[in-house]
>>> print(open('start_14.csv').read())   # CSV, C-alpha atoms
chain,number,residue,atom,x,y,z
A,22,MET,CA,9.1,3.1,23.4
A,23,THR,CA,9.7,2.7,19.7
A,24,ILE,CA,8.4,5.5,17.5
A,25,GLU,CA,7.3,4.0,14.2
A,26,PRO,CA,6.5,6.1,11.1
A,27,ARG,CA,2.9,6.3,10.2
A,28,GLU,CA,3.3,8.1,6.9
A,29,SER,CA,5.6,8.0,3.9
A,30,ARG,CA,5.8,10.1,0.8
A,31,THR,CA,7.1,9.1,-2.6
A,32,SER,CA,7.3,11.1,-5.9
A,33,VAL,CA,3.8,9.8,-6.9
A,34,ALA,CA,1.9,8.9,-3.6
A,35,ILE,CA,1.3,9.4,0.1
A,36,LEU,CA,1.1,6.2,2.1
A,37,LYS,CA,-0.5,6.2,5.5
A,38,ARG,CA,-0.6,3.3,8.0
A,39,MET,CA,-4.1,3.4,9.4
A,40,ARG,CA,-3.9,0.2,11.5
A,41,ALA,CA,-1.4,-2.6,11.9
A,42,ASP,CA,-3.1,-4.4,9.0
A,43,HIS,CA,-4.3,-1.5,6.9
A,44,ILE,CA,-2.6,1.0,4.7
A,45,GLU,CA,-4.0,3.8,2.6
A,46,VAL,CA,-2.3,4.9,-0.6
A,47,GLN,CA,-3.3,8.2,-2.2
A,48,TYR,CA,-1.7,8.9,-5.6
A,49,LEU,CA,-0.9,12.5,-6.2
A,50,GLN,CA,-2.8,14.4,-8.9
A,51,GLY,CA,-1.0,14.3,-12.2
A,52,ALA,CA,1.3,11.5,-11.1
A,53,VAL,CA,2.7,9.4,-13.9
A,54,LEU,CA,2.7,5.7,-13.0
A,55,ASN,CA,5.5,3.7,-14.4
A,56,THR,CA,7.5,0.8,-13.2
A,57,HIS,CA,10.0,3.0,-11.3
A,58,ALA,CA,7.3,4.9,-9.5
A,59,LEU,CA,5.3,1.8,-8.6
A,60,ALA,CA,8.5,0.2,-7.3
A,61,GLU,CA,9.1,3.3,-5.2
A,62,VAL,CA,5.5,2.9,-3.7
A,63,GLN,CA,6.1,-0.8,-3.0
A,64,HIS,CA,9.3,0.0,-1.2
A,65,ALA,CA,7.7,2.6,0.9
A,66,ARG,CA,4.8,0.2,1.7
A,67,ARG,CA,7.2,-2.4,2.9
A,68,LYS,CA,9.1,0.1,5.1
A,69,LEU,CA,5.8,1.0,6.7
A,70,MET,CA,4.2,-2.4,6.9
A,71,GLY,CA,6.7,-5.2,6.3
A,72,ASN,CA,4.9,-8.1,4.8
A,73,SER,CA,1.5,-7.1,6.1
A,74,PRO,CA,-1.0,-6.6,4.7
A,75,THR,CA,-0.5,-9.1,1.9
A,76,PRO,CA,-1.9,-7.7,-1.3
A,77,CYS,CA,-3.0,-11.2,-2.3
A,78,SER,CA,-5.3,-11.9,0.6
A,79,ALA,CA,-8.6,-13.6,0.0
A,80,SER,CA,-10.7,-10.5,0.3
A,81,PHE,CA,-8.4,-8.7,-2.2
A,82,ARG,CA,-8.8,-11.6,-4.7
A,83,ARG,CA,-12.5,-11.6,-4.2
A,84,THR,CA,-12.6,-7.8,-4.9
A,85,LEU,CA,-10.6,-8.3,-8.1
A,86,THR,CA,-12.6,-11.2,-9.4
A,87,LYS,CA,-16.0,-10.2,-7.9
A,88,GLN,CA,-16.7,-13.8,-7.1
A,89,PRO,CA,-17.7,-15.2,-3.7
A,90,LEU,CA,-15.1,-17.1,-1.7
A,91,PRO,CA,-15.6,-20.9,-1.5
>>> encode(input="start_14.csv", output="structure tokens")
Amino acid sequence: MTIEPRESRTSVAILKRMRADHIEVQYLQGAVLNTHALAEVQHARRKLMGNSPTPCSASFRRTLTKQPLP
């Protein structure tokens, strides 16, 4: 049996793996977001999830653009 981490903490956020294809990121109050901090969050996400979920999925693009999918 392999024990996989379900939570990771960075200097600016807490990342929780909710399901195999879903991660929740809670940024800490007063956190200052800069390129170093965001790279730290991205690295933690990849350690928890690998390449899944992909942030450029169709539903994510639809949410950003607020346009229906073709």
>>> atom_distance(input="start_14.csv", atom1="CA of Tyr48 in chain A", atom2="CA of Val33 in chain A")
5.7 Å
>>> atom_distance(input="start_14.csv", atom1="CA of Ser32 in chain A", atom2="CA of Gln47 in chain A")
11.6 Å
>>> residues_around(input="start_14.csv", residues="Ser29 in chain A", least_positions_apart="3", cutoff="10 Å", atoms="all atoms listed in the file", output="PyMOL selection string")
chain A and resi 26+34-38+46+62+65-66+68-69
>>> residues_around(input="start_14.csv", residues="Met39 in chain A", least_positions_apart="6", cutoff="10 Å", atoms="all atoms listed in the file", output="compact mmCIF listing (two decimals) with C-alpha atoms, in the coordinates of the input")
# COMPACT_ATOMS: atom_id res chain seq x y z
CA ARG A 27 2.90 6.30 10.20
CA GLU A 28 3.30 8.10 6.90
CA GLU A 45 -4.00 3.80 2.60
>>> atom_distance(input="start_14.csv", atom1="CA of Asn55 in chain A", atom2="CA of Asp42 in chain A")
26.2 Å
